[in-house]
>>> print(open('entry-v2.txt').read())   # compact mmCIF, C-alpha atoms
# COMPACT_ATOMS: atom_id res chain seq x y z
CA MET A 206 15.64 15.31 -5.38
CA GLN A 207 14.62 12.13 -3.53
CA LEU A 208 12.45 12.88 -0.51
CA THR A 209 11.92 10.35 2.25
CA VAL A 210 8.85 10.18 4.47
CA PRO A 211 9.87 10.47 8.14
CA GLU A 212 9.34 7.28 10.13
CA ILE A 213 5.61 6.55 10.16
CA SER A 214 3.96 3.19 9.49
CA PRO A 215 2.16 2.74 6.18
CA HIS A 216 -1.52 1.85 6.02
CA ALA A 217 -2.24 -1.80 6.91
CA PHE A 218 -4.59 -3.04 4.19
CA THR A 219 -7.43 -5.48 4.75
CA VAL A 220 -8.17 -8.02 2.03
CA ALA A 221 -11.46 -6.21 1.22
CA GLU A 222 -9.55 -2.94 0.69
CA PHE A 223 -6.90 -4.71 -1.36
CA MET A 224 -9.56 -6.24 -3.63
CA SER A 225 -10.86 -2.75 -4.50
CA LEU A 226 -7.48 -1.80 -5.88
CA ASP A 227 -6.88 -1.56 -9.63
CA THR A 228 -3.14 -1.78 -10.24
CA ALA A 229 -1.14 -1.71 -13.45
CA VAL A 230 0.81 -4.81 -12.36
CA ARG A 231 -0.24 -8.03 -10.56
CA THR A 232 -0.10 -7.58 -6.83
CA GLU A 233 -0.71 -9.61 -3.70
CA LEU A 234 -1.40 -8.70 -0.08
CA LEU A 235 0.97 -10.07 2.57
CA ALA A 236 0.76 -9.01 6.22
CA GLY A 237 -1.28 -5.93 5.28
CA ALA A 238 1.20 -4.65 2.68
CA VAL A 239 0.81 -4.76 -1.10
CA TYR A 240 3.61 -6.42 -3.08
CA ASP A 241 4.21 -6.85 -6.79
CA VAL A 242 3.91 -10.47 -7.92
CA SER A 243 7.34 -11.45 -9.24
CA PRO A 244 7.64 -11.96 -12.99
CA ARG A 245 7.67 -15.67 -13.92
CA ASN A 246 10.24 -17.50 -15.97
CA GLU A 247 9.59 -20.44 -18.26
CA PRO A 248 10.51 -23.21 -15.74
CA HIS A 249 7.97 -21.63 -13.37
CA ARG A 250 5.24 -21.48 -16.02
CA TYR A 251 6.06 -25.07 -17.03
CA ALA A 252 5.68 -26.47 -13.51
CA VAL A 253 2.43 -24.56 -12.92
CA SER A 254 0.88 -25.77 -16.16
CA ILE A 255 1.83 -29.43 -15.57
CA LEU A 256 0.56 -29.34 -12.00
CA HIS A 257 -2.67 -27.69 -13.03
CA GLU A 258 -3.27 -30.19 -15.80
CA LYS A 259 -2.50 -33.31 -13.72
CA LEU A 260 -4.69 -32.16 -10.82
CA ALA A 261 -7.57 -30.99 -13.01
CA ARG A 262 -7.62 -34.32 -14.89
CA ALA A 263 -7.40 -36.63 -11.88
CA LEU A 264 -9.32 -34.90 -9.09
CA PRO A 265 -12.99 -35.73 -8.51
CA GLU A 266 -15.71 -33.37 -9.71
CA ARG A 267 -16.18 -31.74 -6.28
CA TYR A 268 -12.80 -29.99 -6.60
CA VAL A 269 -11.63 -27.18 -8.86
CA VAL A 270 -8.05 -26.10 -9.61
CA ARG A 271 -7.09 -22.42 -9.80
CA SER A 272 -3.72 -21.14 -10.93
CA GLN A 273 -2.05 -17.89 -9.99
CA ASP A 274 -5.00 -16.16 -8.44
CA ALA A 275 -5.66 -14.51 -5.09
CA VAL A 276 -7.06 -16.44 -2.15
CA ALA A 277 -8.00 -14.63 1.08
CA VAL A 278 -6.20 -16.21 4.05
CA PRO A 279 -7.92 -16.67 6.41
CA GLY A 280 -10.77 -14.41 5.21
CA TRP A 281 -11.96 -11.07 3.90
CA ASP A 282 -11.25 -9.24 7.13
CA GLY A 283 -7.70 -10.59 7.25
CA ARG A 284 -4.44 -9.03 6.08
CA ASP A 285 -3.38 -11.64 3.52
CA ALA A 286 -4.48 -12.34 -0.05
CA PRO A 287 -1.50 -14.16 -1.58
CA ASP A 288 -1.39 -15.02 -5.26
CA VAL A 289 -1.29 -18.84 -4.96
CA ASP A 290 0.43 -20.63 -7.84
CA VAL A 291 -1.89 -23.67 -7.75
CA ALA A 292 -4.87 -23.94 -5.39
CA VAL A 293 -7.27 -26.88 -5.05
CA LEU A 294 -10.64 -25.50 -3.94
CA ALA A 295 -14.20 -26.72 -3.48
CA ARG A 296 -16.07 -26.46 -6.79
CA LYS A 297 -18.67 -23.74 -6.24
CA GLU A 298 -19.33 -20.09 -6.97
CA TYR A 299 -17.43 -17.61 -4.83
CA TRP A 300 -18.35 -14.05 -4.04
CA PRO A 301 -16.30 -12.00 -3.72
CA GLY A 302 -13.76 -14.84 -3.97
CA PRO A 303 -12.36 -17.95 -2.28
CA THR A 304 -10.79 -18.05 1.16
CA SER A 305 -8.50 -20.62 2.74
CA ALA A 306 -11.59 -22.19 4.39
CA ASP A 307 -12.56 -23.35 0.86
CA ALA A 308 -9.07 -24.71 0.06
CA PHE A 309 -7.72 -28.27 0.24
CA ALA A 310 -4.18 -27.75 -1.06
CA PHE A 311 -1.88 -24.86 -1.98
CA VAL A 312 1.24 -25.25 -4.14
CA GLU A 313 3.92 -22.61 -4.67
CA VAL A 314 6.47 -22.96 -7.45
CA SER A 315 9.64 -21.27 -6.19
CA ASP A 316 12.55 -20.08 -8.21
CA THR A 317 13.62 -16.63 -7.05
CA THR A 318 10.81 -16.34 -4.47
CA TYR A 319 11.80 -19.16 -2.12
CA ALA A 320 12.55 -16.90 0.88
CA VAL A 321 9.04 -15.41 0.84
CA ASP A 322 7.34 -18.70 -0.07
CA ARG A 323 9.08 -20.73 2.63
CA GLY A 324 9.42 -17.96 5.19
CA TYR A 325 5.97 -16.39 4.94
CA LYS A 326 3.42 -18.05 2.67
CA ILE A 327 3.84 -21.68 3.72
CA PRO A 328 3.53 -20.96 7.49
CA LEU A 329 0.51 -18.79 6.66
CA TYR A 330 -1.16 -21.66 4.77
CA VAL A 331 -0.36 -24.29 7.40
CA ASN A 332 -1.59 -22.02 10.21
CA ALA A 333 -4.83 -21.58 8.26
CA GLY A 334 -5.20 -25.37 8.10
CA VAL A 335 -4.27 -25.85 4.43
CA PRO A 336 -1.41 -28.22 3.52
CA GLY A 337 1.23 -26.48 1.39
CA TRP A 338 3.75 -27.75 -1.17
CA ILE A 339 6.77 -25.97 -2.64
CA VAL A 340 8.13 -27.04 -6.00
CA ASN A 341 11.70 -25.88 -5.37
CA LEU A 342 13.11 -25.33 -8.86
CA GLN A 343 16.59 -24.41 -7.71
CA ARG A 344 17.05 -27.58 -5.61
CA ARG A 345 14.93 -29.68 -7.99
CA GLN A 346 12.79 -31.08 -5.19
CA VAL A 347 9.27 -30.90 -3.80
CA GLU A 348 8.72 -29.92 -0.18
CA PHE A 349 5.58 -30.71 1.82
CA TYR A 350 4.29 -28.89 4.90
CA ALA A 351 1.12 -29.81 6.77
CA SER A 352 1.85 -29.22 10.46
CA PRO A 353 4.18 -27.39 12.88
CA ALA A 354 6.43 -30.49 12.76
CA GLU A 355 7.19 -29.92 9.06
CA LEU A 356 7.52 -26.16 9.54
CA ALA A 357 10.27 -26.92 12.05
CA LEU A 358 12.30 -28.70 9.35
CA PRO A 359 14.33 -26.35 7.12
CA HIS A 360 12.73 -27.68 3.91
CA GLY A 361 9.77 -29.63 5.27
CA CYS A 362 9.23 -33.17 4.08
CA VAL A 363 11.44 -33.47 0.97
CA ARG A 364 10.88 -35.52 -2.20
CA GLY A 365 13.80 -35.62 -4.61
CA GLU A 366 13.97 -35.66 -8.39
CA ALA A 367 13.59 -39.46 -8.54
CA ASP A 368 10.61 -39.52 -6.13
CA ALA A 369 6.88 -39.02 -6.45
CA PHE A 370 4.44 -37.24 -4.14
CA SER A 371 0.69 -37.11 -3.78
CA ILE A 372 -1.79 -34.23 -3.62
CA LEU A 373 -5.26 -35.40 -2.51
CA GLY A 374 -4.42 -38.85 -3.83
CA VAL A 375 -3.10 -37.66 -7.20
CA GLU A 376 0.39 -39.12 -7.71
CA ILE A 377 2.86 -36.80 -9.40
CA ALA A 378 6.50 -37.55 -10.23
CA VAL A 379 8.81 -34.70 -9.15
CA ARG A 380 10.75 -35.05 -12.41
CA ASP A 381 7.62 -34.30 -14.45
CA LEU A 382 7.50 -30.77 -13.01
CA LEU A 383 11.10 -29.87 -13.81
CA CYS A 384 12.31 -28.56 -17.15
CA SER A 385 15.51 -30.14 -18.36
CA ARG A 386 18.00 -27.30 -17.93
CA PRO A 387 18.90 -25.60 -21.21
CA ASP A 388 22.52 -25.59 -20.01
CA ALA A 389 22.24 -29.36 -19.26
CA SER A 390 23.34 -28.77 -15.65
CA MET B 207 1.80 -16.24 15.67
CA GLN B 208 3.11 -13.08 14.05
CA LEU B 209 4.72 -13.79 10.68
CA THR B 210 7.04 -11.33 8.99
CA VAL B 211 7.53 -11.03 5.26
CA PRO B 212 11.21 -11.49 4.38
CA GLU B 213 12.87 -8.33 3.10
CA ILE B 214 11.19 -7.41 -0.18
CA ALA B 215 10.08 -3.94 -1.22
CA PRO B 216 6.32 -3.29 -1.20
CA HIS B 217 4.44 -2.22 -4.31
CA ALA B 218 5.17 1.42 -5.27
CA PHE B 219 1.77 2.96 -5.99
CA ILE B 220 1.14 5.62 -8.58
CA VAL B 221 -1.60 8.16 -7.91
CA ALA B 222 -3.97 6.63 -10.49
CA GLU B 223 -3.77 3.26 -8.69
CA PHE B 224 -4.18 4.88 -5.30
CA MET B 225 -7.36 6.65 -6.45
CA SER B 226 -8.97 3.26 -7.24
CA LEU B 227 -8.56 2.20 -3.62
CA ASP B 228 -11.60 2.08 -1.35
CA THR B 229 -10.39 2.09 2.25
CA ALA B 230 -12.27 2.04 5.54
CA VAL B 231 -10.17 4.95 6.82
CA ARG B 232 -8.93 8.16 5.15
CA THR B 233 -5.60 7.60 3.46
CA GLU B 234 -3.02 9.55 1.47
CA LEU B 235 -0.22 8.53 -0.89
CA LEU B 236 3.32 9.67 -0.03
CA ALA B 237 6.37 8.49 -1.98
CA GLY B 238 4.41 5.56 -3.45
CA ALA B 239 3.19 4.25 -0.07
CA VAL B 240 -0.29 4.52 1.41
CA TYR B 241 -0.60 6.10 4.87
CA ASP B 242 -3.54 6.62 7.19
CA VAL B 243 -4.46 10.28 7.63
CA SER B 244 -3.94 11.14 11.30
CA PRO B 245 -7.03 11.81 13.40
CA ARG B 246 -7.57 15.52 14.03
CA SER B 247 -7.78 17.40 17.30
CA GLU B 248 -10.16 20.28 17.91
CA PRO B 249 -7.36 22.91 17.63
CA HIS B 250 -6.60 21.41 14.20
CA ARG B 251 -10.24 21.57 13.09
CA TYR B 252 -10.49 25.11 14.47
CA ALA B 253 -7.52 26.37 12.45
CA VAL B 254 -8.82 24.70 9.28
CA ARG B 255 -12.25 26.29 9.75
CA LYS B 256 -10.77 29.76 10.30
CA LEU B 257 -8.48 29.43 7.28
CA SER B 258 -11.34 28.15 5.14
CA ARG B 259 -13.56 31.07 6.13
CA ALA B 260 -10.87 33.72 5.64
CA LEU B 261 -9.78 32.41 2.24
CA THR B 262 -13.27 31.68 0.92
CA HIS B 263 -14.32 35.22 1.88
CA GLY B 264 -11.11 36.92 0.71
CA LEU B 265 -10.95 35.08 -2.63
CA PHE B 266 -14.69 35.21 -3.32
CA ASP B 267 -14.45 37.34 -6.49
CA THR B 268 -11.39 35.62 -7.92
CA ALA B 269 -10.89 32.63 -10.20
CA CYS B 270 -9.78 30.51 -7.21
CA GLU B 271 -11.55 28.32 -4.74
CA VAL B 272 -10.70 26.60 -1.50
CA GLN B 273 -10.50 22.81 -1.10
CA ILE B 274 -10.46 21.42 2.44
CA GLN B 275 -8.74 18.17 3.52
CA ASP B 276 -8.85 16.44 0.19
CA ALA B 277 -6.27 14.78 -2.03
CA VAL B 278 -4.23 16.65 -4.61
CA ALA B 279 -1.98 14.77 -7.05
CA VAL B 280 1.57 16.15 -6.84
CA PRO B 281 2.83 16.60 -9.48
CA GLY B 282 0.28 14.51 -11.45
CA TRP B 283 -1.65 11.25 -11.94
CA TYR B 284 1.39 9.16 -12.78
CA GLY B 285 3.38 10.48 -9.83
CA ALA B 286 3.86 8.77 -6.48
CA ASP B 287 2.22 11.41 -4.27
CA ALA B 288 -1.40 12.31 -3.52
CA PRO B 289 -1.20 14.02 -0.12
CA GLU B 290 -4.32 15.10 1.69
CA VAL B 291 -3.80 18.87 1.84
CA ASP B 292 -5.47 20.60 4.81
CA VAL B 293 -6.28 23.76 2.83
CA ALA B 294 -5.58 24.09 -0.89
CA VAL B 295 -6.30 27.13 -3.05
CA ILE B 296 -6.93 25.84 -6.57
CA ALA B 297 -8.22 27.23 -9.85
CA ARG B 298 -12.01 27.41 -10.00
CA LYS B 299 -12.99 24.79 -12.58
CA GLU B 300 -14.16 21.21 -12.96
CA TYR B 301 -11.53 18.52 -12.45
CA TRP B 302 -11.46 14.99 -13.73
CA PRO B 303 -10.31 12.84 -12.08
CA GLY B 304 -9.18 15.57 -9.64
CA PRO B 305 -6.84 18.52 -9.14
CA THR B 306 -3.06 18.34 -9.41
CA SER B 307 -0.42 20.72 -8.08
CA ALA B 308 -0.36 22.40 -11.51
CA ASP B 309 -3.85 23.74 -10.64
CA ALA B 310 -2.81 24.92 -7.16
CA LEU B 311 -1.85 28.41 -6.00
CA ALA B 312 -1.29 27.76 -2.28
CA PHE B 313 -1.16 24.82 0.13
CA VAL B 314 -1.56 25.08 3.91
CA GLU B 315 -0.90 22.30 6.43
CA VAL B 316 -2.07 22.60 10.02
CA SER B 317 0.43 20.69 12.15
CA ASP B 318 -0.06 19.43 15.62
CA THR B 319 1.28 15.89 15.90
CA THR B 320 2.20 15.64 12.18
CA TYR B 321 4.91 18.31 12.01
CA ALA B 322 7.76 15.88 11.15
CA VAL B 323 5.97 14.59 8.06
CA ASP B 324 4.55 18.00 7.10
CA ARG B 325 7.87 19.84 7.41
CA GLY B 326 10.11 16.96 6.37
CA TYR B 327 8.16 15.59 3.42
CA LYS B 328 5.06 17.48 2.32
CA ILE B 329 6.42 21.03 2.32
CA PRO B 330 9.51 20.20 0.19
CA LEU B 331 7.20 18.24 -2.14
CA TYR B 332 4.93 21.27 -2.57
CA VAL B 333 7.76 23.77 -3.04
CA ASN B 334 9.50 21.48 -5.54
CA ALA B 335 6.20 21.30 -7.47
CA GLY B 336 6.13 25.11 -7.57
CA VAL B 337 3.38 25.70 -5.00
CA PRO B 338 4.03 28.08 -2.07
CA ALA B 339 3.21 26.42 1.25
CA TRP B 340 2.36 27.40 4.81
CA ILE B 341 2.44 25.45 8.06
CA VAL B 342 0.22 26.52 10.93
CA ASN B 343 2.42 25.16 13.72
CA LEU B 344 0.00 24.63 16.60
CA GLN B 345 2.59 23.46 19.09
CA ARG B 346 4.83 26.51 18.60
CA ARG B 347 1.84 28.81 17.98
CA ARG B 348 3.13 30.38 14.78
CA VAL B 349 2.94 30.25 10.99
CA GLU B 350 5.81 29.18 8.76
CA PHE B 351 6.09 30.05 5.08
CA TYR B 352 8.05 28.22 2.39
CA ALA B 353 8.25 29.27 -1.26
CA SER B 354 11.79 28.50 -2.40
CA PRO B 355 14.88 26.39 -1.67
CA ALA B 356 16.11 29.31 0.48
CA ASP B 357 13.06 28.94 2.76
CA LEU B 358 13.48 25.14 2.84
CA ALA B 359 17.06 25.64 4.04
CA LEU B 360 15.79 27.44 7.16
CA PRO B 361 14.74 25.02 9.94
CA HIS B 362 11.23 26.50 10.17
CA GLY B 363 11.05 28.60 6.98
CA CYS B 364 9.98 32.21 7.20
CA VAL B 365 8.32 32.52 10.64
CA ARG B 366 5.38 34.70 11.74
CA GLY B 367 4.67 34.72 15.48
CA GLU B 368 1.45 34.87 17.45
CA ALA B 369 1.34 38.70 17.32
CA ASP B 370 2.01 38.87 13.57
CA ALA B 371 -0.09 38.58 10.44
CA PHE B 372 0.67 36.88 7.13
CA SER B 373 -0.86 36.94 3.68
CA ILE B 374 -2.03 34.14 1.37
CA LEU B 375 -2.70 35.43 -2.18
CA GLY B 376 -3.33 38.90 -0.75
CA VAL B 377 -5.67 37.72 2.02
CA GLU B 378 -4.35 39.02 5.35
CA ILE B 379 -4.73 36.62 8.27
CA ALA B 380 -3.67 37.25 11.89
CA VAL B 381 -1.76 34.26 13.29
CA ARG B 382 -3.63 34.61 16.58
CA ASP B 383 -6.98 34.11 14.82
CA LEU B 384 -5.99 30.54 13.89
CA LEU B 385 -5.03 29.48 17.42
CA CYS B 386 -7.43 28.24 20.08
CA SER B 387 -6.85 29.65 23.52
CA ARG B 388 -5.45 26.68 25.43
CA PRO B 389 -8.00 25.09 27.78
CA ASP B 390 -5.27 24.91 30.41
CA GLY B 391 -4.58 28.67 29.99
CA SER B 392 -1.00 28.11 28.80
>>> encode(input="entry-v2.txt", output="structure tokens")
Amino acid sequence: MQLTVPEISPHAFTVAEFMSLDTAVRTELLAGAVYDVSPRNEPHRYAVSILHEKLARALPERYVVRSQDAVAVPGWDGRDAPDVDVAVLARKEYWPGPTSADAFAFVEVSDTTYAVDRGYKIPLYVNAGVPGWIVNLQRRQVEFYASPAELALPHGCVRGEADAFSILGVEIAVRDLLCSRPDAS
Amino acid sequence: MQLTVPEIAPHAFIVAEFMSLDTAVRTELLAGAVYDVSPRSEPHRYAVRKLSRALTHGLFDTACEVQIQDAVAVPGWYGADAPEVDVAVIARKEYWPGPTSADALAFVEVSDTTYAVDRGYKIPLYVNAGVPAWIVNLQRRRVEFYASPADLALPHGCVRGEADAFSILGVEIAVRDLLCSRPDGS
């Protein structure tokens, strides 16, 4: 028998509460609710690893690159601790962890998660003052969002497969982030 | 600006995950989701105190004890439910990490504003887990009893009114003794 809870609102988690949680799967906090982090496929892992490597090699010593870890946005009393695919942060010790005030750039690699990345995470980052990029694997393009003007465009400021873009002065070719499709499409 | 997460299903908690959570407010786990425990009114606290006293006294020489307003895993630690039960009669022993419905002999919910969730969700959960359950219905000033699918099929279970008494594990309790006289004399 499947029971349903009559209409009451679930608990709205703070980031500090969320961080106390020990779950069997990776989770993130969005708008006070806990969500499972989607499983990644190989094109996603590929783009994250290339981005991480290029940024870590080229950025000055005062920055540090973190992949696929939680960042509190805007802070520990907030309702959001997204799992950011690639985050460029100030190089220092964090306790209990970094917030968006410590961040210079956030990148999301989107395959199946574009609706949440574009619809929720990117506006969250931009509103917190952090420029956000989406590596859109399905459209094979990179999208850039830094202000309300870009949020008003359906896919932000777009760079195609033949273009390059720059994160904190590090030039990256869009093509370098994209696996050649196994089906050659 | 109020952002909304596009339609994806939240994480479904199991009880073991829920127990790791340290929240600023009291919470319970129902159907894999975390809910705040509603603030209590004085008539609610009064009924819980009277029940606690009657059961603790009446079951003093038995192998049971009374747990007040604490979580019980139903049916167990890998399930999706850890309701906060107002009054639970459980076996007298040490628990680690805590009691489950398999250790429970009776559950009582005192309902004022929470009747819809108590009657609609918690009571069927308890009965399906094999634990007989009572609701002290403060708004209708009566006690409802549910032990089987037949009782669940009745809108308010097996009802005892303000002039009646009922029995939990052989302990007789007058319904009237659980109800505050209304300050407005109603």
>>> residues_around(input="entry-v2.txt", residues="B:Pro216", least_positions_apart="4", cutoff="9 Å", atoms="all atoms listed in the file", output="list of chain:residue names")
A:Ala238, A:Val239, A:Tyr240, A:Asp241, B:Ala239
>>> atom_distance(input="entry-v2.txt", atom1="atom CA of B:Ser247", atom2="atom CA of B:Asp318")
8.2 Å
>>> residues_around(input="entry-v2.txt", residues="A:Val314", least_positions_apart="3", cutoff="9 Å", atoms="only C-alpha atoms", output="NGL selection string")
:A and (249-250 or 252-253 or 290-291 or 318-319 or 322 or 338-342)
>>> closest_residue(input="entry-v2.txt", among="B:Ala335, B:Ala260, B:Ile296, B:Ile274", to="chain A", atoms="only C-alpha atoms")
B:Ala335
>>> closest_residue(input="entry-v2.txt", among="B:Val316, B:Leu257, B:Ala294, B:Val342", to="B:Ser244", atoms="only C-alpha atoms")
B:Val316
>>> atom_distance(input="entry-v2.txt", atom1="atom CA of A:Asp285", atom2="atom CA of A:Glu355")
21.8 Å
>>> interface_residues(input="entry-v2.txt", of="chain B", to="chain A", cutoff="10 Å", atoms="only C-alpha atoms", output="PyMOL selection string")
chain B and resi 207-220+222-237+239-243+320+322-328+330-331+334
>>> atom_distance(input="entry-v2.txt", atom1="atom CA of A:Pro301", atom2="atom CA of A:Ala333")
19.2 Å
>>> build_atoms(input="entry-v2.txt", residues="stretch 223-253 of chain B", atoms="N, CA and C atoms", output="compact mmCIF listing (two decimals), in the coordinates of the input")
# COMPACT_ATOMS: atom_id res chain seq x y z
N GLU B 223 -3.44 4.50 -9.41
CA GLU B 223 -3.77 3.26 -8.69
C GLU B 223 -4.37 3.58 -7.32
N PHE B 224 -3.72 4.50 -6.63
CA PHE B 224 -4.18 4.88 -5.30
C PHE B 224 -5.64 5.36 -5.33
N MET B 225 -6.01 6.10 -6.39
CA MET B 225 -7.36 6.65 -6.45
C MET B 225 -8.41 5.55 -6.62
N SER B 226 -8.01 4.36 -7.08
CA SER B 226 -8.97 3.26 -7.24
C SER B 226 -9.28 2.59 -5.91
N LEU B 227 -8.49 2.91 -4.89
CA LEU B 227 -8.56 2.20 -3.62
C LEU B 227 -9.72 2.70 -2.78
N ASP B 228 -10.47 1.75 -2.21
CA ASP B 228 -11.60 2.08 -1.35
C ASP B 228 -11.26 1.60 0.06
N THR B 229 -10.84 2.50 0.92
CA THR B 229 -10.39 2.09 2.25
C THR B 229 -11.41 2.49 3.31
N ALA B 230 -11.34 1.77 4.43
CA ALA B 230 -12.27 2.04 5.54
C ALA B 230 -11.88 3.32 6.27
N VAL B 231 -10.63 3.72 6.17
CA VAL B 231 -10.17 4.95 6.82
C VAL B 231 -9.61 5.90 5.76
N ARG B 232 -9.47 7.19 6.09
CA ARG B 232 -8.93 8.16 5.15
C ARG B 232 -7.44 7.90 4.98
N THR B 233 -7.00 7.88 3.72
CA THR B 233 -5.60 7.60 3.46
C THR B 233 -5.03 8.65 2.50
N GLU B 234 -3.70 8.70 2.45
CA GLU B 234 -3.02 9.55 1.47
C GLU B 234 -1.82 8.78 0.93
N LEU B 235 -1.35 9.20 -0.25
CA LEU B 235 -0.22 8.53 -0.89
C LEU B 235 1.01 9.42 -0.79
N LEU B 236 2.07 8.92 -0.16
CA LEU B 236 3.32 9.67 -0.03
C LEU B 236 4.46 8.78 -0.49
N ALA B 237 5.22 9.24 -1.47
CA ALA B 237 6.37 8.49 -1.98
C ALA B 237 5.99 7.06 -2.37
N GLY B 238 4.80 6.87 -2.95
CA GLY B 238 4.41 5.56 -3.45
C GLY B 238 3.85 4.63 -2.40
N ALA B 239 3.75 5.09 -1.14
CA ALA B 239 3.19 4.25 -0.07
C ALA B 239 1.93 4.90 0.48
N VAL B 240 0.99 4.06 0.91
CA VAL B 240 -0.29 4.52 1.41
C VAL B 240 -0.20 4.69 2.93
N TYR B 241 -0.62 5.84 3.42
CA TYR B 241 -0.60 6.10 4.87
C TYR B 241 -1.99 6.50 5.34
N ASP B 242 -2.30 6.14 6.58
CA ASP B 242 -3.54 6.62 7.19
C ASP B 242 -3.40 8.11 7.48
N VAL B 243 -4.46 8.87 7.25
CA VAL B 243 -4.46 10.28 7.63
C VAL B 243 -4.70 10.34 9.14
N SER B 244 -3.86 11.09 9.83
CA SER B 244 -3.94 11.14 11.30
C SER B 244 -5.28 11.71 11.75
N PRO B 245 -5.81 11.20 12.85
CA PRO B 245 -7.03 11.81 13.40
C PRO B 245 -6.75 13.25 13.84
N ARG B 246 -7.76 14.10 13.72
CA ARG B 246 -7.57 15.52 14.03
C ARG B 246 -8.04 15.85 15.43
N SER B 247 -7.38 16.85 16.00
CA SER B 247 -7.78 17.40 17.30
C SER B 247 -8.67 18.63 17.04
N GLU B 248 -9.33 19.10 18.07
CA GLU B 248 -10.16 20.28 17.91
C GLU B 248 -9.34 21.52 17.52
N PRO B 249 -8.15 21.77 18.11
CA PRO B 249 -7.36 22.91 17.63
C PRO B 249 -7.04 22.81 16.13
N HIS B 250 -6.85 21.60 15.62
CA HIS B 250 -6.60 21.41 14.20
C HIS B 250 -7.85 21.79 13.39
N ARG B 251 -9.00 21.25 13.79
CA ARG B 251 -10.24 21.57 13.09
C ARG B 251 -10.53 23.07 13.14
N TYR B 252 -10.24 23.68 14.30
CA TYR B 252 -10.49 25.11 14.47
C TYR B 252 -9.67 25.91 13.46
N ALA B 253 -8.39 25.63 13.37
CA ALA B 253 -7.52 26.37 12.45
C ALA B 253 -7.97 26.17 11.00
